[in-house]
$ cat start_35.txt   # compact mmCIF, C-alpha atoms
# COMPACT_ATOMS: atom_id res chain seq x y z
CA MET A 1 -18.22 24.90 -20.74
CA LYS A 2 -16.79 21.64 -21.97
CA ASN A 3 -15.00 19.65 -19.30
CA ILE A 4 -13.88 16.89 -21.59
CA LYS A 5 -10.68 18.54 -22.73
CA LEU A 6 -9.43 19.41 -19.25
CA ASP A 7 -7.80 17.46 -16.45
CA ALA A 8 -6.47 18.25 -12.98
CA CYS A 9 -3.33 16.90 -11.34
CA PRO A 10 -4.40 14.81 -8.32
CA GLU A 11 -1.44 15.95 -6.21
CA CYS A 12 -1.22 19.69 -6.91
CA ASP A 13 -4.61 20.44 -8.52
CA LEU A 14 -3.03 22.14 -11.52
CA LEU A 15 -5.53 22.56 -14.32
CA LEU A 16 -4.19 20.86 -17.43
CA ASN A 17 -5.14 20.17 -21.00
CA GLN A 18 -5.89 16.50 -21.30
CA SER A 19 -3.00 14.68 -22.89
CA SER A 20 -3.11 11.35 -24.65
CA PRO A 21 0.37 9.83 -24.74
CA GLU A 22 1.16 6.85 -26.95
CA ILE A 23 2.03 3.46 -25.50
CA GLY A 24 5.56 3.67 -24.13
CA GLU A 25 5.24 7.38 -23.39
CA LYS A 26 4.09 8.94 -20.16
CA ALA A 27 2.45 12.18 -19.13
CA LEU A 28 3.91 14.03 -16.13
CA CYS A 29 2.45 17.01 -14.32
CA PRO A 30 4.59 20.02 -15.35
CA ARG A 31 4.31 21.62 -11.91
CA CYS A 32 4.81 18.82 -9.37
CA GLY A 33 6.09 15.97 -11.53
CA TYR A 34 3.24 13.55 -10.73
CA LEU A 35 2.93 10.64 -13.14
CA LEU A 36 -0.44 11.46 -14.64
CA TYR A 37 -0.85 8.72 -17.15
CA ARG A 38 1.16 5.91 -18.64
CA PRO A 39 -0.88 3.86 -21.09
CA ARG A 40 -0.42 0.09 -21.12
CA LYS A 41 -0.50 -2.33 -23.99
CA GLN A 42 -3.67 -4.48 -24.17
CA SER A 43 -4.51 -3.51 -20.64
CA VAL A 44 -7.93 -5.21 -20.41
CA GLU A 45 -6.84 -8.49 -22.00
CA ARG A 46 -3.69 -8.75 -19.92
CA THR A 47 -5.47 -7.92 -16.69
CA LEU A 48 -8.06 -10.59 -17.42
CA ALA A 49 -5.44 -13.25 -18.21
CA LEU A 50 -3.23 -12.40 -15.25
CA SER A 51 -6.12 -12.32 -12.78
CA ILE A 52 -7.17 -15.83 -13.86
CA ALA A 53 -3.58 -17.05 -13.47
CA GLY A 54 -3.36 -15.37 -10.06
CA PHE A 55 -6.60 -16.95 -8.92
CA ILE A 56 -5.22 -20.41 -9.74
CA ILE A 57 -1.80 -19.93 -8.15
CA ILE A 58 -3.03 -18.27 -4.95
CA PHE A 59 -4.34 -21.58 -3.60
CA PRO A 60 -1.09 -23.58 -3.60
CA ALA A 61 0.74 -20.45 -2.41
CA ASN A 62 -1.53 -20.24 0.61
CA LEU A 63 -2.03 -23.90 1.43
CA LEU A 64 1.33 -25.56 0.76
CA PRO A 65 4.24 -25.18 3.20
CA LEU A 66 6.51 -22.22 2.43
CA ILE A 67 9.58 -23.04 4.47
CA GLY A 68 10.46 -25.49 7.20
CA MET A 69 13.31 -26.21 9.57
CA LYS A 70 15.12 -29.27 10.85
CA LEU A 71 16.79 -29.20 14.25
CA LEU A 72 18.08 -32.16 16.29
CA GLY A 73 16.05 -34.62 14.27
CA ASN A 74 12.81 -32.65 14.63
CA SER A 75 11.31 -30.93 11.64
CA HIS A 76 8.47 -28.48 11.25
CA GLU A 77 7.01 -26.64 8.28
CA GLY A 78 5.00 -23.43 8.14
CA THR A 79 2.37 -22.08 5.76
CA LEU A 80 0.98 -18.56 5.40
CA TRP A 81 -2.08 -19.68 7.31
CA SER A 82 -0.20 -21.37 10.17
CA GLY A 83 1.69 -18.12 10.81
CA VAL A 84 -1.62 -16.31 11.25
CA MET A 85 -2.97 -19.08 13.50
CA GLY A 86 0.24 -19.15 15.54
CA LEU A 87 -0.02 -15.42 16.26
CA PHE A 88 -3.71 -15.81 17.08
CA ASN A 89 -3.05 -18.63 19.56
CA GLU A 90 -0.42 -16.55 21.31
CA GLY A 91 -3.03 -13.86 21.96
CA MET A 92 -1.69 -11.47 19.30
CA TRP A 93 -5.04 -11.30 17.53
CA ALA A 94 -4.61 -7.74 16.24
CA VAL A 95 -1.32 -8.61 14.54
CA ALA A 96 -2.81 -11.90 13.32
CA VAL A 97 -5.73 -10.10 11.67
CA LEU A 98 -3.37 -7.58 10.05
CA VAL A 99 -1.15 -10.34 8.65
CA LEU A 100 -4.21 -12.29 7.49
CA MET A 101 -5.58 -9.27 5.64
CA SER A 102 -2.37 -8.04 4.05
CA SER A 103 -0.99 -11.41 2.98
CA ILE A 104 -4.08 -13.49 2.20
CA LEU A 105 -7.39 -11.59 2.06
CA PHE A 106 -6.42 -8.40 0.22
CA PRO A 107 -4.31 -10.11 -2.47
CA LEU A 108 -7.26 -12.46 -3.05
CA THR A 109 -9.86 -9.66 -3.22
CA ASN A 110 -7.57 -7.68 -5.54
CA ILE A 111 -7.33 -10.62 -7.92
CA ILE A 112 -11.10 -11.24 -7.79
CA LEU A 113 -11.92 -7.55 -8.34
CA SER A 114 -9.43 -7.29 -11.23
CA PHE A 115 -11.03 -10.37 -12.76
CA LEU A 116 -14.59 -9.06 -12.37
CA ILE A 117 -13.77 -5.62 -13.78
CA SER A 118 -11.63 -6.76 -16.70
CA ALA A 119 -14.11 -9.51 -17.63
CA HIS A 120 -16.95 -6.97 -17.78
CA LEU A 121 -14.85 -4.59 -19.85
CA TYR A 122 -13.62 -7.36 -22.14
CA PHE A 123 -17.15 -8.51 -22.96
CA ASN A 124 -18.48 -4.90 -22.93
CA LYS A 125 -21.06 -5.68 -20.29
CA PRO A 126 -22.27 -2.77 -18.19
CA ASN A 127 -22.74 -3.40 -14.47
CA LYS A 128 -23.84 -0.90 -11.88
CA TYR A 129 -21.16 -2.15 -9.47
CA LEU A 130 -18.22 -1.55 -11.84
CA GLY A 131 -17.49 1.86 -10.30
CA SER A 132 -17.49 0.64 -6.72
CA TRP A 133 -15.39 -2.42 -7.58
CA MET A 134 -12.84 -0.16 -9.23
CA ARG A 135 -12.85 2.14 -6.21
CA TRP A 136 -12.32 -0.76 -3.81
CA LEU A 137 -9.52 -2.08 -5.98
CA GLN A 138 -7.76 1.29 -5.86
CA HIS A 139 -8.15 1.51 -2.08
CA LEU A 140 -7.04 -2.04 -1.32
CA ASP A 141 -4.10 -2.04 -3.68
CA GLU A 142 -1.84 -0.48 -1.07
CA TRP A 143 -2.80 -2.97 1.63
CA ALA A 144 -1.90 -6.13 -0.23
CA MET A 145 1.72 -6.57 0.79
CA LEU A 146 2.97 -9.73 -0.89
CA GLU A 147 6.32 -8.19 -1.83
CA VAL A 148 6.96 -7.12 1.75
CA TYR A 149 6.00 -10.62 2.89
CA THR A 150 8.55 -12.05 0.46
CA LEU A 151 11.24 -9.92 2.03
CA GLY A 152 10.05 -11.19 5.43
CA ILE A 153 10.50 -14.78 4.21
CA ILE A 154 14.04 -13.98 3.07
CA VAL A 155 15.00 -12.41 6.40
CA ALA A 156 13.42 -15.30 8.33
CA CYS A 157 15.33 -17.80 6.15
CA VAL A 158 18.65 -16.11 6.82
CA LYS A 159 17.95 -16.03 10.57
CA LEU A 160 16.96 -19.71 10.62
CA ALA A 161 19.81 -20.90 8.43
CA ALA A 162 22.26 -19.87 11.15
CA ASP A 163 20.88 -22.39 13.70
CA ALA A 164 19.04 -25.06 11.74
CA ASP A 165 18.66 -26.78 8.37
CA LEU A 166 16.17 -25.12 6.06
CA ILE A 167 13.56 -26.90 3.98
CA LEU A 168 12.18 -24.95 1.03
CA GLY A 169 8.60 -26.08 0.47
CA PHE A 170 6.70 -26.23 -2.81
CA GLY A 171 4.45 -23.46 -1.53
CA LEU A 172 7.41 -21.07 -1.74
CA TYR A 173 7.66 -21.53 -5.51
CA ALA A 174 3.93 -20.97 -5.85
CA PHE A 175 4.25 -17.90 -3.64
CA VAL A 176 7.02 -16.40 -5.80
CA ALA A 177 4.91 -17.09 -8.90
CA LEU A 178 1.97 -15.36 -7.22
CA LEU A 179 4.20 -12.40 -6.38
CA VAL A 180 5.32 -12.06 -10.02
CA ILE A 181 1.74 -12.35 -11.28
CA THR A 182 0.34 -9.74 -8.88
CA ALA A 183 3.19 -7.35 -9.72
CA MET A 184 2.46 -7.77 -13.45
CA LEU A 185 -1.25 -7.39 -12.73
CA ALA A 186 -0.70 -4.10 -10.94
CA SER A 187 1.43 -2.72 -13.76
CA SER A 188 -0.85 -3.89 -16.58
CA LEU A 189 -4.00 -2.43 -15.05
CA ASP A 190 -4.43 0.98 -16.62
CA ALA A 191 -6.80 2.76 -14.21
CA TYR A 192 -7.24 5.78 -16.48
CA LEU A 193 -8.30 3.62 -19.42
CA PHE A 194 -10.50 1.44 -17.19
CA TRP A 195 -12.40 4.46 -15.85
CA LYS A 196 -12.86 5.81 -19.39
CA HIS A 197 -14.20 2.44 -20.47
CA ILE A 198 -16.54 2.25 -17.47
CA ALA A 199 -17.85 5.74 -18.19
CA ARG A 200 -18.53 4.75 -21.81
CA LEU A 201 -20.38 1.60 -20.71
CA HIS A 202 -22.50 3.66 -18.32
CA GLU A 203 -23.53 6.07 -21.03
CA ALA A 204 -24.33 3.37 -23.58
CA MET B 1 -8.75 30.48 -19.08
CA LYS B 2 -5.41 30.73 -17.34
CA PRO B 3 -3.63 27.43 -17.84
CA ASN B 4 -1.49 27.66 -14.71
CA ALA B 5 -4.19 27.92 -12.08
CA ALA B 6 -5.60 25.37 -9.68
CA ALA B 7 -8.68 23.56 -10.90
CA LEU B 8 -10.49 24.62 -7.74
CA ALA B 9 -10.02 28.30 -8.62
CA GLN B 10 -12.02 27.60 -11.78
CA GLY B 11 -14.76 25.88 -9.80
CA LEU B 12 -13.71 22.47 -11.05
CA ILE B 13 -13.30 19.42 -8.82
CA ARG B 14 -11.42 16.28 -9.69
CA CYS B 15 -13.19 13.15 -8.41
CA HIS B 16 -10.78 11.32 -6.10
CA GLY B 17 -12.21 7.99 -7.20
CA CYS B 18 -12.20 8.04 -10.97
CA GLY B 19 -10.40 11.28 -11.81
CA HIS B 20 -13.32 12.76 -13.71
CA LEU B 21 -13.27 16.56 -13.70
CA SER B 22 -16.63 18.14 -13.01
CA LYS B 23 -18.27 21.37 -12.00
CA PRO B 24 -20.45 20.70 -8.96
CA THR B 25 -23.70 22.59 -8.60
CA ARG B 26 -25.78 23.16 -5.50
CA LEU B 27 -27.99 20.25 -6.50
CA SER B 28 -25.45 17.58 -7.37
CA ARG B 29 -22.41 16.94 -5.21
CA LYS B 30 -21.78 13.53 -6.67
CA CYS B 31 -19.50 12.45 -9.48
CA ARG B 32 -21.38 11.72 -12.68
CA VAL B 33 -19.16 8.77 -13.60
CA CYS B 34 -18.60 6.82 -10.40
CA GLY B 35 -21.13 8.22 -7.92
CA ASN B 36 -18.53 9.33 -5.36
CA TYR B 37 -19.11 12.48 -3.33
CA LEU B 38 -16.99 15.29 -4.72
CA HIS B 39 -14.45 16.94 -2.45
CA ALA B 40 -12.06 19.58 -3.74
CA ARG B 41 -9.62 18.66 -0.95
CA ILE B 42 -9.63 15.72 1.46
CA PRO B 43 -12.09 16.84 4.19
CA HIS B 44 -10.42 17.78 7.50
CA SER B 45 -7.12 16.61 6.10
CA VAL B 46 -4.86 18.42 8.58
CA GLN B 47 -6.91 17.51 11.66
CA ARG B 48 -7.15 13.85 10.72
CA THR B 49 -3.48 13.58 9.86
CA THR B 50 -2.49 15.27 13.12
CA ALA B 51 -4.67 12.91 15.16
CA LEU B 52 -3.32 9.80 13.45
CA LEU B 53 0.23 11.09 13.69
CA SER B 54 0.09 11.81 17.42
CA SER B 55 -1.32 8.33 18.08
CA SER B 56 1.58 6.87 16.11
CA TYR B 57 4.10 8.89 18.13
CA ALA B 58 2.54 7.59 21.35
CA LEU B 59 2.63 3.98 20.17
CA TYR B 60 6.16 4.31 18.84
CA ILE B 61 7.46 4.33 22.45
CA PRO B 62 6.07 0.93 23.59
CA ALA B 63 6.97 -0.48 20.17
CA ASN B 64 10.63 0.19 20.90
CA ILE B 65 10.73 -0.48 24.65
CA PHE B 66 8.96 -3.84 24.90
CA PRO B 67 10.23 -7.11 23.41
CA ILE B 68 8.96 -7.77 19.90
CA MET B 69 9.63 -11.50 20.14
CA THR B 70 10.75 -14.19 22.55
CA VAL B 71 12.98 -17.03 21.39
CA MET B 72 13.08 -20.23 23.45
CA GLN B 73 15.84 -22.62 22.53
CA LEU B 74 16.72 -25.73 24.59
CA GLY B 75 15.36 -24.19 27.77
CA VAL B 76 17.03 -20.80 27.30
CA THR B 77 14.63 -17.88 26.88
CA GLU B 78 15.78 -14.75 25.03
CA GLN B 79 13.75 -11.60 24.60
CA HIS B 80 14.45 -9.27 21.70
CA THR B 81 13.40 -5.67 21.26
CA ILE B 82 13.48 -4.24 17.73
CA LEU B 83 16.92 -2.75 18.33
CA GLY B 84 18.08 -5.89 20.19
CA GLY B 85 17.12 -8.06 17.24
CA ILE B 86 19.27 -5.92 14.96
CA MET B 87 22.17 -6.10 17.43
CA ALA B 88 21.85 -9.90 17.51
CA LEU B 89 22.06 -9.97 13.70
CA ILE B 90 25.22 -7.82 13.77
CA ASP B 91 26.75 -10.12 16.40
CA LYS B 92 26.10 -13.10 14.15
CA ASP B 93 27.90 -11.33 11.28
CA MET B 94 24.79 -10.91 9.15
CA MET B 95 25.40 -7.32 8.17
CA PRO B 96 23.27 -7.04 4.99
CA ILE B 97 20.19 -8.45 6.74
CA ALA B 98 20.86 -6.27 9.78
CA ILE B 99 20.94 -3.18 7.56
CA LEU B 100 17.74 -4.29 5.81
CA VAL B 101 15.91 -4.70 9.12
CA LEU B 102 17.38 -1.42 10.43
CA VAL B 103 16.05 0.45 7.40
CA ALA B 104 12.64 -1.22 7.44
CA SER B 105 11.86 -1.13 11.15
CA ILE B 106 13.76 1.89 12.49
CA LEU B 107 14.60 4.34 9.72
CA VAL B 108 11.38 4.06 7.70
CA PRO B 109 9.01 4.57 10.68
CA LEU B 110 11.15 7.51 11.87
CA LEU B 111 11.20 9.01 8.38
CA LYS B 112 7.43 8.69 8.22
CA LEU B 113 6.79 10.21 11.66
CA LEU B 114 9.18 13.13 11.15
CA GLY B 115 8.31 13.57 7.46
CA ILE B 116 4.56 13.81 8.05
CA SER B 117 5.20 16.21 10.96
CA LEU B 118 7.23 18.42 8.63
CA LEU B 119 4.53 18.28 5.96
CA LEU B 120 1.95 19.39 8.54
CA LEU B 121 4.23 22.24 9.66
CA ASN B 122 4.73 23.19 6.02
CA VAL B 123 0.98 23.50 5.48
CA HIS B 124 0.40 25.28 8.77
CA TYR B 125 3.12 27.89 8.38
CA ARG B 126 2.65 28.22 4.60
CA TRP B 127 6.29 27.69 3.75
CA GLN B 128 6.94 29.16 0.34
CA ARG B 129 10.01 27.28 -0.79
CA ASN B 130 10.54 24.04 -2.66
CA ALA B 131 6.92 22.98 -3.02
CA ARG B 132 7.99 20.41 -5.57
CA LEU B 133 10.49 18.90 -3.14
CA TRP B 134 7.86 18.71 -0.39
CA THR B 135 5.52 16.92 -2.77
CA LYS B 136 8.35 14.45 -3.46
CA LEU B 137 8.77 13.89 0.29
CA TYR B 138 5.06 13.13 0.50
CA ARG B 139 5.38 10.64 -2.34
CA VAL B 140 8.36 8.89 -0.74
CA ILE B 141 6.49 8.61 2.57
CA ALA B 142 3.39 7.22 0.88
CA PHE B 143 5.44 4.70 -1.08
CA VAL B 144 7.77 3.53 1.64
CA GLY B 145 5.14 3.05 4.38
CA ARG B 146 4.18 -0.53 3.77
CA TRP B 147 7.76 -1.81 3.89
CA SER B 148 7.92 -1.46 7.67
CA MET B 149 5.60 -4.44 7.88
CA LEU B 150 8.71 -6.53 7.17
CA ASP B 151 9.40 -7.21 10.85
CA ILE B 152 5.81 -8.22 11.54
CA PHE B 153 5.76 -10.65 8.60
CA MET B 154 9.11 -12.10 9.61
CA ILE B 155 7.78 -12.79 13.11
CA SER B 156 4.66 -14.38 11.67
CA ILE B 157 6.81 -16.74 9.57
CA LEU B 158 9.11 -17.56 12.50
CA VAL B 159 6.11 -18.27 14.72
CA ALA B 160 4.81 -20.69 12.09
CA VAL B 161 8.09 -22.44 11.35
CA VAL B 162 9.92 -22.47 14.69
CA ASP B 163 7.59 -24.63 16.74
CA LEU B 164 9.48 -27.75 17.85
CA GLY B 165 7.91 -28.24 21.27
CA GLY B 166 10.61 -27.97 23.95
CA VAL B 167 13.53 -27.74 21.53
CA SER B 168 12.83 -24.31 20.13
CA LYS B 169 9.90 -21.94 19.84
CA VAL B 170 9.27 -18.32 18.87
CA ILE B 171 6.58 -16.24 20.56
CA ALA B 172 5.53 -12.76 19.42
CA GLY B 173 5.94 -10.06 22.07
CA PRO B 174 3.70 -7.14 23.10
CA ALA B 175 5.75 -4.66 21.04
CA SER B 176 4.60 -6.35 17.84
CA THR B 177 1.03 -5.10 18.33
CA ALA B 178 2.28 -1.57 19.05
CA PHE B 179 4.65 -1.65 16.09
CA ALA B 180 1.99 -2.96 13.71
CA ALA B 181 -0.31 -0.18 14.93
CA VAL B 182 2.39 2.42 14.22
CA VAL B 183 2.77 1.12 10.67
CA VAL B 184 -0.97 1.09 10.00
CA LEU B 185 -1.62 4.49 11.62
CA THR B 186 1.21 6.20 9.72
CA MET B 187 -0.08 4.66 6.49
CA PHE B 188 -3.52 6.13 7.24
CA ALA B 189 -1.88 9.44 8.20
CA ALA B 190 -0.07 9.59 4.85
CA LYS B 191 -3.33 8.74 3.07
CA SER B 192 -5.30 11.45 4.84
CA PHE B 193 -2.73 14.15 4.12
CA ASP B 194 -3.64 16.14 1.02
CA PRO B 195 -0.52 17.28 -0.90
CA ARG B 196 -2.61 19.86 -2.78
CA LEU B 197 -2.63 21.91 0.43
CA ILE B 198 1.09 22.56 -0.09
CA TRP B 199 0.34 24.06 -3.50
CA ASP B 200 -2.69 26.02 -2.33
CA ASN B 201 -0.40 28.04 -0.06
CA GLN B 202 2.07 29.02 -2.76
CA LEU B 203 1.66 32.71 -3.52
CA GLU B 204 3.46 32.67 -6.90

$ encode --input "start_35.txt" --output "C-alpha cells"
Amino acid sequence: MKNIKLDACPECDLLLNQSSPEIGEKALCPRCGYLLYRPRKQSVERTLALSIAGFIIIFPANLLPLIGMKLLGNSHEGTLWSGVMGLFNEGMWAVAVLVLMSSILFPLTNIILSFLISAHLYFNKPNKYLGSWMRWLQHLDEWAMLEVYTLGIIVACVKLAADADLILGFGLYAFVALLVITAMLASSLDAYLFWKHIARLHEA
Amino acid sequence: MKPNAAALAQGLIRCHGCGHLSKPTRLSRKCRVCGNYLHARIPHSVQRTTALLSSSYALYIPANIFPIMTVMQLGVTEQHTILGGIMALIDKDMMPIAILVLVASILVPLLKLLGISLLLLNVHYRWQRNARLWTKLYRVIAFVGRWSMLDIFMISILVAVVDLGGVSKVIAGPASTAFAAVVVLTMFAAKSFDPRLIWDNQLE
C-alpha cells in the first residue's frame, strides 16, 4: 500500500487524501475544521532572514532598560533580566525561573533553532539533528510568551502612570521589534514544508 | 478504502512529531522520517490530564486566597490578592485594564479548569453530540492558556521597576508561585489531552 497519497487529521484522526493547496489557500479538515495546511511564500528564505534579524535584536531587547519610573526625585529603570533577578532575590525562585524561560530563554532557543533548521534547508545540507531540532522547535513554540509579556508591560505602565512619571527606555523599542520579528517568524515557518524538505534530505 | 474512517482503523498512525503517516509493524515502532516513537493516541492521555487537572484545582485555592503582591509606598504596606488587585484598578477608574486583568487572571484559568473537566467527562461518558464543538472548545483552551501569564509578567516588571528603597517597592507574594503553577499545569493538562478521543467515541 502506498502511504504517500494519504494524510490523517492530527485532531480527529480522519483519514484524508493529501491535499496541496496553492499559496494563499488553506486546507481544513472536513470533519473537525482543523487547519491542516496553509503554505507560505518563500518559507525557508524568510525564516532564515527573520531568525538572523531576531538574533541581532534580542540582545538590546534583553539588556537595555524597558521602562523606568520617577517618583519624588528618585528614578529607577528595569530590564527583562532585573525583573527575573528581583523575583529571585525575594525568594520566588520558581516564578523567576518560569519568567526567565518564557521571556528570555525560549524565545532565544526558538530563534537559534529556526536559524539552524532554515540555514540547513537553504543550503540543502543534511544533518542528523534536523528532525530533533524541528521537534524541539514545535514543543517550545508555545512556551515563548513574548506577546503576553508585552501585554504585561502595558498593564504595568498603566498602573505606574497613576502614581509616578514613566520613562520609556530604548530597550522597549527593541523589545517591540523583537515581538514583531518573532510573530513574523512563527507565521512564515511552514512546518509541513519543512518536514517534507527534511525527509527529502534524509533520503538523498 | 472508506474515506471517512479514522486512520487508526486502517492500521495507520500519524507521527505526532512530523505528521508522517505510516503503518507500524511489530519490528519498527519508530517514525521513518523523524525517529519519534509512534503512538496512535497520546499514551495515558485521560489519566495524565486528570492528574494535572486535579493538581491545578488544588493550587487554584491558595492562588486566590494569598496575596499575589505587596506594595510598599512611603511606609504604607498594602497586600493585594488577585481579586483585590482588580478591585484596586476599578477604584482608580482604570476599567479597560481591570477588565483585561479580570479576563486573563480569573476568567481564563476558570475556563481552562472547567473546560478541561468537561472534555474529560465528555470522553468518559462518550457524549454523542456536537463533537465538532467540543473540538473547538479544546482548541480555545489550548490557545488561550498562555495568556494567564499576564499577571506574573506584570509583577516581574513591577518588581524590576518599582525599587526606590524606602520610597516605594513591590514584592511578589506567595500566591504568585501558586498561580504560576496553575497556569503551567493547565497548559500541560491541555497538551496531554488527546482530542481524537472525542472522535473515537462517536458511533456515527

$ interface_residues --input "start_35.txt" --of "chain A" --to "chain B" --cutoff "6 Å" --atoms "all atoms listed in the file" --output "list in words"
Glu11, Cys12, Asp13, Leu14, Leu15, Cys32, Gly68, Glu77, Gly78, Ser82, Gly83, Gly86, Val95, Gly131, Arg135, Val148, Tyr149, Gly152, Ala156 and Ala199 of chain A

$ residues_around --input "start_35.txt" --residues "Leu35 of chain A" --least-positions-apart "3" --cutoff "10 Å" --atoms "all atoms listed in the file" --output "list of chain:residue names"
A:Cys9, A:Pro10, A:Glu11, A:Lys26, A:Ala27, A:Leu28, A:Cys29, A:Pro30, A:Cys32, A:Arg38

$ atom_distance --input "start_35.txt" --atom1 "atom CA of Ile116 of chain B" --atom2 "atom CA of Lys191 of chain B"
10.6 Å

$ residues_around --input "start_35.txt" --residues "Leu63 of chain A" --least-positions-apart "4" --cutoff "9 Å" --atoms "all atoms listed in the file" --output "ChimeraX atom specification"
/A:58-59,79-81,171

$ residues_around --input "start_35.txt" --residues "Ala161 of chain A" --least-positions-apart "2" --cutoff "12 Å" --atoms "all atoms listed in the file" --output "PyMOL selection string"
(chain A and resi 67-71+153-159+163-168) or (chain B and resi 92+94+158+162)

$ axis_aligned_box --input "start_35.txt" --around "segment 110-117 of chain B" --padding-each-side "8 Å" --output "AutoDock Vina command-line options"
--center_x 7.9 --center_y 11.9 --center_z 9.7 --size_x 22.6 --size_y 24.7 --size_z 20.4

$ atom_distance --input "start_35.txt" --atom1 "atom CA of Arg40 of chain A" --atom2 "atom CA of Val144 of chain B"
24.4 Å

$ atom_distance --input "start_35.txt" --atom1 "atom CA of Ser114 of chain A" --atom2 "atom CA of Leu100 of chain A"
20.1 Å

$ closest_residue --input "start_35.txt" --among "B:Leu110, B:Tyr57, B:Gln128, B:Gly166" --to "Thr77 of chain B" --atoms "only C-alpha atoms"
B:Gly166

$ residues_around --input "start_35.txt" --residues "Trp143 of chain A" --least-positions-apart "2" --cutoff "9 Å" --atoms "all atoms listed in the file" --output "list in words"
Met101, Ser102, Ser103, Phe106, Pro107, His139, Leu140, Asp141 and Met145 of chain A; Arg146 of chain B

$ residues_around --input "start_35.txt" --residues "segment 186-191 of chain A" --least-positions-apart "6" --cutoff "7 Å" --atoms "all atoms listed in the file" --output "ChimeraX atom specification"
/A:39-40,43,46-47

$ closest_residue --input "start_35.txt" --among "A:His197, A:Leu137, A:Tyr192, A:Lys41" --to "Asp7 of chain A" --atoms "only C-alpha atoms"
A:Tyr192

$ closest_residue --input "start_35.txt" --among "B:Asn64, B:Ser117, B:Ser192, B:Ser54" --to "Ala175 of chain B" --atoms "all atoms listed in the file"
B:Asn64

$ closest_residue --input "start_35.txt" --among "A:Ile117, A:Leu193, A:Ala162, A:Leu146" --to "Ile23 of chain A" --atoms "all atoms listed in the file"
A:Leu193

$ closest_residue --input "start_35.txt" --among "A:Leu64, A:Val84, A:Leu36, A:Leu185" --to "Leu48 of chain A" --atoms "all atoms listed in the file"
A:Leu185

$ decode --input "start_35.txt" --residues "segment 57-69 of chain A" --atoms "N, CA, C and O atoms" --output "mmCIF file, in the first residue's frame"
data_model
loop_
_atom_site.group_PDB
_atom_site.id
_atom_site.type_symbol
_atom_site.label_atom_id
_atom_site.label_comp_id
_atom_site.auth_asym_id
_atom_site.auth_seq_id
_atom_site.Cartn_x
_atom_site.Cartn_y
_atom_site.Cartn_z
ATOM 1 N N ILE A 57 18.391 41.520 17.291
ATOM 2 C CA ILE A 57 17.582 42.444 18.096
ATOM 3 C C ILE A 57 17.328 41.918 19.508
ATOM 4 O O ILE A 57 16.999 42.678 20.403
ATOM 5 N N ILE A 58 17.520 40.606 19.731
ATOM 6 C CA ILE A 58 17.188 40.058 21.050
ATOM 7 C C ILE A 58 18.148 40.587 22.115
ATOM 8 O O ILE A 58 17.780 40.700 23.285
ATOM 9 N N PHE A 59 19.370 40.965 21.722
ATOM 10 C CA PHE A 59 20.324 41.438 22.726
ATOM 11 C C PHE A 59 19.962 42.804 23.298
ATOM 12 O O PHE A 59 19.848 42.929 24.517
ATOM 13 N N PRO A 60 19.742 43.836 22.454
ATOM 14 C CA PRO A 60 19.287 45.100 23.054
ATOM 15 C C PRO A 60 17.956 44.949 23.792
ATOM 16 O O PRO A 60 17.745 45.579 24.836
ATOM 17 N N ALA A 61 17.065 44.101 23.282
ATOM 18 C CA ALA A 61 15.762 43.940 23.937
ATOM 19 C C ALA A 61 15.915 43.373 25.336
ATOM 20 O O ALA A 61 15.134 43.681 26.235
ATOM 21 N N ASN A 62 16.936 42.536 25.533
ATOM 22 C CA ASN A 62 17.120 41.928 26.848
ATOM 23 C C ASN A 62 17.985 42.763 27.768
ATOM 24 O O ASN A 62 17.837 42.712 28.983
ATOM 25 N N LEU A 63 18.924 43.523 27.214
ATOM 26 C CA LEU A 63 19.923 44.174 28.054
ATOM 27 C C LEU A 63 19.598 45.632 28.347
ATOM 28 O O LEU A 63 19.997 46.154 29.388
ATOM 29 N N LEU A 64 18.901 46.314 27.446
ATOM 30 C CA LEU A 64 18.611 47.725 27.684
ATOM 31 C C LEU A 64 17.354 47.871 28.537
ATOM 32 O O LEU A 64 16.493 47.010 28.520
ATOM 33 N N PRO A 65 17.272 48.982 29.298
ATOM 34 C CA PRO A 65 16.089 49.161 30.158
ATOM 35 C C PRO A 65 14.800 49.310 29.364
ATOM 36 O O PRO A 65 14.754 50.018 28.371
ATOM 37 N N LEU A 66 13.758 48.585 29.812
ATOM 38 C CA LEU A 66 12.462 48.631 29.132
ATOM 39 C C LEU A 66 11.677 49.862 29.546
ATOM 40 O O LEU A 66 11.379 50.730 28.750
ATOM 41 N N ILE A 67 11.346 49.917 30.837
ATOM 42 C CA ILE A 67 10.647 51.092 31.342
ATOM 43 C C ILE A 67 11.261 51.480 32.676
ATOM 44 O O ILE A 67 11.928 50.687 33.331
ATOM 45 N N GLY A 68 11.029 52.719 33.072
ATOM 46 C CA GLY A 68 11.511 53.189 34.358
ATOM 47 C C GLY A 68 10.486 54.106 34.978
ATOM 48 O O GLY A 68 9.476 54.434 34.353
ATOM 49 N N MET A 69 10.718 54.482 36.242
ATOM 50 C CA MET A 69 9.777 55.396 36.886
ATOM 51 C C MET A 69 10.526 56.468 37.653
ATOM 52 O O MET A 69 11.669 56.280 38.075
#
